[in-house]
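File shown: work-v3.cif (mmCIF, C-alpha atoms).
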data_coords
#
loop_
_atom_site.group_PDB
_atom_site.id
_atom_site.type_symbol
_atom_site.label_atom_id
_atom_site.label_comp_id
_atom_site.auth_asym_id
_atom_site.auth_seq_id
_atom_site.Cartn_x
_atom_site.Cartn_y
_atom_site.Cartn_z
ATOM 1 C CA MET M 22 10.703 9.149 6.165
ATOM 2 C CA THR M 23 7.508 11.060 5.559
ATOM 3 C CA VAL M 24 4.968 9.336 3.385
ATOM 4 C CA HIS M 25 1.997 11.092 1.847
ATOM 5 C CA TRP M 26 -1.014 8.806 1.656
ATOM 6 C CA ASN M 27 -3.149 11.452 -0.042
ATOM 7 C CA ARG M 28 -0.680 11.568 -2.959
ATOM 8 C CA LEU M 29 -1.269 7.945 -3.937
ATOM 9 C CA GLY M 30 -3.584 7.037 -6.764
ATOM 10 C CA PRO M 31 -6.267 4.348 -6.487
ATOM 11 C CA ARG M 32 -4.195 1.819 -8.463
ATOM 12 C CA GLU M 33 -1.186 2.388 -6.199
ATOM 13 C CA LYS M 34 -3.364 1.796 -3.144
ATOM 14 C CA GLN M 35 -4.726 -1.360 -4.751
ATOM 15 C CA VAL M 36 -1.194 -2.671 -5.326
ATOM 16 C CA LEU M 37 -0.271 -1.915 -1.699
ATOM 17 C CA ALA M 38 -3.342 -3.839 -0.526
ATOM 18 C CA ILE M 39 -2.318 -6.826 -2.666
ATOM 19 C CA LEU M 40 1.171 -6.804 -1.192
ATOM 20 C CA ARG M 41 -0.156 -6.371 2.357
ATOM 21 C CA ARG M 42 -2.295 -9.494 1.997
ATOM 22 C CA ALA M 43 0.524 -11.514 0.441
ATOM 23 C CA GLU M 44 2.218 -14.101 2.595
ATOM 24 C CA ALA M 45 5.593 -13.391 0.965
ATOM 25 C CA THR M 46 7.265 -10.944 -1.359
ATOM 26 C CA LEU M 47 5.799 -10.842 -4.862
ATOM 27 C CA THR M 48 7.251 -10.367 -8.323
ATOM 28 C CA THR M 49 5.804 -7.949 -10.852
ATOM 29 C CA ARG M 50 4.170 -10.849 -12.681
ATOM 30 C CA GLU M 51 2.555 -12.091 -9.442
ATOM 31 C CA VAL M 52 1.211 -8.611 -8.658
ATOM 32 C CA LEU M 53 -0.098 -8.340 -12.221
ATOM 33 C CA SER M 54 -1.813 -11.715 -11.898
ATOM 34 C CA ARG M 55 -3.599 -10.623 -8.723
ATOM 35 C CA LEU M 56 -4.656 -7.361 -10.337
ATOM 36 C CA ARG M 57 -6.110 -9.295 -13.253
ATOM 37 C CA GLU M 58 -7.969 -11.573 -10.812
ATOM 38 C CA ALA M 59 -9.591 -8.344 -9.579
ATOM 39 C CA ASP M 60 -10.605 -7.496 -13.180
ATOM 40 C CA VAL M 61 -7.901 -4.865 -13.620
ATOM 41 C CA ASP M 62 -6.659 -5.064 -17.180
ATOM 42 C CA ILE M 63 -3.242 -3.419 -17.351
ATOM 43 C CA ALA M 64 -0.011 -4.273 -19.126
ATOM 44 C CA TYR M 65 3.035 -5.787 -17.449
ATOM 45 C CA THR M 66 4.949 -2.543 -18.050
ATOM 46 C CA THR M 67 2.234 -0.551 -16.282
ATOM 47 C CA ALA M 68 2.371 -2.843 -13.253
ATOM 48 C CA SER M 69 6.162 -2.531 -13.255
ATOM 49 C CA THR M 70 5.949 1.264 -13.393
ATOM 50 C CA ILE M 71 3.474 1.343 -10.474
ATOM 51 C CA LEU M 72 5.805 -0.838 -8.393
ATOM 52 C CA ASP M 73 8.849 1.280 -9.275
ATOM 53 C CA ARG M 74 7.040 4.468 -8.289
ATOM 54 C CA LEU M 75 5.965 2.969 -4.981
ATOM 55 C CA VAL M 76 9.613 2.086 -4.311
ATOM 56 C CA GLU M 77 10.662 5.657 -5.177
ATOM 57 C CA LYS M 78 7.969 7.059 -2.864
ATOM 58 C CA GLY M 79 9.225 4.874 -0.005
ATOM 59 C CA TYR M 80 6.224 2.556 0.307
ATOM 60 C CA LEU M 81 7.860 -0.634 -0.978
ATOM 61 C CA ARG M 82 11.176 -2.398 -0.757
ATOM 62 C CA ARG M 83 12.622 -4.017 -3.841
ATOM 63 C CA VAL M 84 14.725 -7.144 -3.351
ATOM 64 C CA GLU M 85 16.896 -8.479 -6.173
ATOM 65 C CA GLU M 86 17.162 -12.202 -6.804
ATOM 66 C CA VAL M 87 18.660 -14.370 -9.494
ATOM 67 C CA HIS M 88 16.040 -16.521 -11.203
ATOM 68 C CA GLN M 89 16.926 -18.912 -14.017
ATOM 69 C CA GLY M 90 20.145 -17.057 -14.699
ATOM 70 C CA SER M 91 18.679 -13.559 -14.829
ATOM 71 C CA LEU M 92 17.899 -10.853 -12.321
ATOM 72 C CA ARG M 93 14.346 -10.210 -11.173
ATOM 73 C CA TYR M 94 12.817 -8.096 -8.445
ATOM 74 C CA ARG M 95 10.535 -9.075 -5.613
ATOM 75 C CA TYR M 96 8.547 -6.447 -3.712
ATOM 76 C CA GLU M 97 7.464 -6.185 -0.104
ATOM 77 C CA PHE M 98 5.289 -3.696 1.738
ATOM 78 C CA PRO M 99 6.724 -3.035 5.243
ATOM 79 C CA VAL M 100 3.331 -2.342 6.820
ATOM 80 C CA ASP M 101 4.482 -2.138 10.424
ATOM 81 C CA GLU M 102 7.172 0.424 9.588
ATOM 82 C CA LEU M 103 4.890 2.646 7.527
ATOM 83 C CA SER M 104 1.616 2.402 9.433
ATOM 84 C CA ARG M 105 2.402 5.148 11.930
ATOM 85 C CA SER M 106 3.633 7.571 9.286
ATOM 86 C CA VAL M 107 0.588 6.980 7.074
ATOM 87 C CA VAL M 108 -1.805 7.355 10.000
ATOM 88 C CA ASP M 109 -0.082 10.576 11.055
ATOM 89 C CA ASP M 110 -0.441 11.893 7.503
ATOM 90 C CA VAL M 111 -4.157 11.055 7.427
ATOM 91 C CA VAL M 112 -4.747 12.633 10.840
ATOM 92 C CA ASP M 113 -2.895 15.794 9.769
ATOM 93 C CA GLU M 114 -5.057 16.048 6.645
ATOM 94 C CA VAL M 115 -8.291 15.537 8.594
ATOM 95 C CA GLN M 116 -7.225 18.054 11.221
ATOM 96 C CA SER M 117 -6.271 20.673 8.654
ATOM 97 C CA VAL M 118 -9.695 20.463 7.023
ATOM 98 C CA PHE M 119 -12.056 19.584 9.893
ATOM 99 C CA GLY M 120 -10.136 20.644 12.997
ATOM 100 C CA ASP M 121 -10.169 18.769 16.290
ATOM 101 C CA SER M 122 -13.773 17.650 15.805
ATOM 102 C CA GLY M 123 -12.679 15.859 12.625
ATOM 103 C CA VAL M 124 -9.894 14.058 14.492
ATOM 104 C CA LYS M 125 -12.367 13.005 17.198
ATOM 105 C CA ALA M 126 -14.715 11.664 14.519
ATOM 106 C CA LEU M 127 -11.826 9.792 12.898
ATOM 107 C CA ILE M 128 -10.872 8.203 16.228
ATOM 108 C CA ALA M 129 -14.487 7.226 16.900
ATOM 109 C CA SER M 130 -14.779 5.679 13.448
ATOM 110 C CA GLY M 131 -11.551 3.731 13.987
ATOM 111 C CA ARG M 132 -12.822 2.383 17.305
ATOM 112 C CA GLU M 133 -16.121 1.311 15.745
ATOM 113 C CA ARG M 134 -14.339 -0.487 12.931
ATOM 114 C CA SER M 135 -11.902 -2.263 15.204
ATOM 115 C CA THR M 136 -14.716 -3.616 17.369
ATOM 116 C CA THR M 137 -16.970 -4.693 14.500
ATOM 117 C CA SER M 138 -14.303 -6.375 12.373
ATOM 118 C CA PRO M 139 -11.712 -8.032 14.604
ATOM 119 C CA ASN M 140 -10.128 -9.961 11.722
ATOM 120 C CA GLU M 141 -7.952 -7.836 9.474
ATOM 121 C CA THR M 142 -8.709 -8.263 5.771
#
Is it possible to express this structure as structure tokens?
Amino acid sequence: MTVHWNRLGPREKQVLAILRRAEATLTTREVLSRLREADVDIAYTTASTILDRLVEKGYLRRVEEVHQGSLRYRYEFPVDELSRSVVDDVVDEVQSVFGDSGVKALIASGRERSTTSPNET
């Protein structure tokens, strides 16, 4: 599957970051709660729409579960599966605009970051 990182909005990227840091799958309400902790004031339906779109775009998996007699969804972000595709997309974009020198600069920046911040946030 080809993913297109440059076609994601800032709120979608924020939701992906929340799910990446989560220790387990999250429900819509849990994602909404974490957004609100970050001073993002959106409605439940907006959070649900963002999650649904990320599923449609192939970034998230939606898992159904029965909770108190009704169906609810939990979401997970399969980082390891998508990392390579996203990185390839970013490299392609940089190369198309800046050429090989842009890719070299991107690699150098990645090396600097990985040596200065060994703990992933």
Quick one: contact table of stretch 35-60 of chain M to stretch 73-93 of chain M, 12 Å max, nearest atom pair and distance in Å to one decimal per residue, counting all atoms listed in the file, chain and number order, as CSV?
residue,atom,partner,partner_atom,distance
M:Gln35,CA,M:Leu75,CA,11.5
M:Val36,CA,M:Leu75,CA,9.1
M:Leu37,CA,M:Tyr80,CA,8.1
M:Ala38,CA,M:Tyr80,CA,11.5
M:Leu40,CA,M:Leu81,CA,9.1
M:Arg41,CA,M:Leu81,CA,10.4
M:Ala45,CA,M:Val84,CA,11.9
M:Thr46,CA,M:Val84,CA,8.6
M:Leu47,CA,M:Arg83,CA,9.7
M:Thr48,CA,M:Arg93,CA,7.6
M:Thr49,CA,M:Arg93,CA,8.8
M:Arg50,CA,M:Arg93,CA,10.3
### Query
How many Å separate atom CA of M:Arg134 from atom CA of M:Val61?
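Answer for the atom CA of M:Arg134 to atom CA of M:Val61 separation: 27.7 Å.
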### Query
In Å to one decimal, how far is atom CA of M:Arg57 from atom CA of M:Arg42?
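These atoms are spaced 15.7 Å apart.
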### Query
Suppose you want the space between atom CA of M:Leu127 and atom CA of M:Val115; what is it in Å?
8.0 Å
### Query
Between M:Ile39, M:Leu29, M:Leu53, M:Val124, which has the minimum distance to M:Asp109 (counting only C-alpha atoms)?
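Of all the options, M:Val124 lies closest to M:Asp109.
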### Task
Go through M:Asp60, M:Arg132, M:Val112, M:Leu72 one by one, measure the shortest atom-to-atom distance of each to M:Phe98 using all atoms listed in the file, and give the residue with the smallest value.
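Counting all atoms listed in the file, the residue closest to M:Phe98 is M:Leu72.
With distances restricted to all atoms listed in the file, M:Ala43 is the closest residue to M:Val100 from M:Phe119, M:Glu33, M:Thr67, M:Ala43.
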With 8 Å added on each side, what axis-aligned box encloses every listed atom of stretch 97-111 of chain M? Give the centre and edge lengths in Å to one decimal, as lines of an AutoDock Vina configuration file.
center_x = 1.7
center_y = 2.9
center_z = 5.9
size_x = 27.6
size_y = 34.1
size_z = 28.0
